[in-house]
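Structure first, commentary second.
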Amino acid sequence: MYALRERGRALEDKFAYDQSFQFRAEARRNKLMGLWAASLLGVADAGGYAQDLVSFTLDDKTSHDIATKLRHDFDAAGIAVTDGQLQAKMHDLLVEVVKEMQAA
């Protein structure tokens, strides 16, 4: 019975770790997305724009919500970035961030 309890606790700990890892990876990805978008938009305070994007995502926003916000900002500025380019950039940055985090 003890081994079963320990296994359950280990699974709970792994789940908590995985959730925390995913949250941190997505937050880093979103910051990098903000910096990338700010460079395309010509925003003077790129760090501030990136931080605003990270703050925007704290309210249970999905990747789709982030892409929609960025799409709105790009459209308002007249920047031609396709939805496919946005999705590809988000995917590529997440893969890059996960690799960096796993290596650390």
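Identifiers in the structure tokens: chain A, B, ... in order shown; residue index from 1 per chain; ligand index from 1 in order shown.
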List every residue of chain A that DSSP, applied to the backbone of this structure, assigns to helix (DSSP H, G or I), and report them as a ChimeraX atom specification. /A:2-41,46-57,63-77,83-103
If we count only C-alpha atoms and set the cut-off at 10 Å, which residues sit around His91 in chain A, ignoring sequence neighbours fewer than 6 positions away in its own chain? Please answer as JSON, numbers by chain. {"A": [29, 63, 85, 97]}
For the atom pair CA of Ala104 in chain A and CA of Arg28 in chain A, what is the interatomic distance in Å to one decimal place? 14.2 Å
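For the atom pair formed by CA of Leu58 in chain A and CA of Lys31 in chain A, the distance is 12.0 Å, given to one decimal.
In this model, the gap between CA of Ala38 in chain A and CA of Ala103 in chain A comes to 27.6 Å.
Of the residues under consideration (A:Leu32, A:Ala37, A:Ala16, A:Ala25), A:Ala37 shows the shortest atom-to-atom contact distance to Arg71 in chain A when counting only C-alpha atoms.
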Choose the residue, out of A:Arg5, A:Gly42, A:Glu12, A:Phe21, that has the smallest atom-to-atom separation from Ile79 in chain A; count only C-alpha atoms. A:Gly42
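Among the candidates A:Glu26, A:Phe74, A:Ser55, A:Ala80, the residue lying nearest to Glu96 in chain A is A:Glu26 (atoms considered: only C-alpha atoms).
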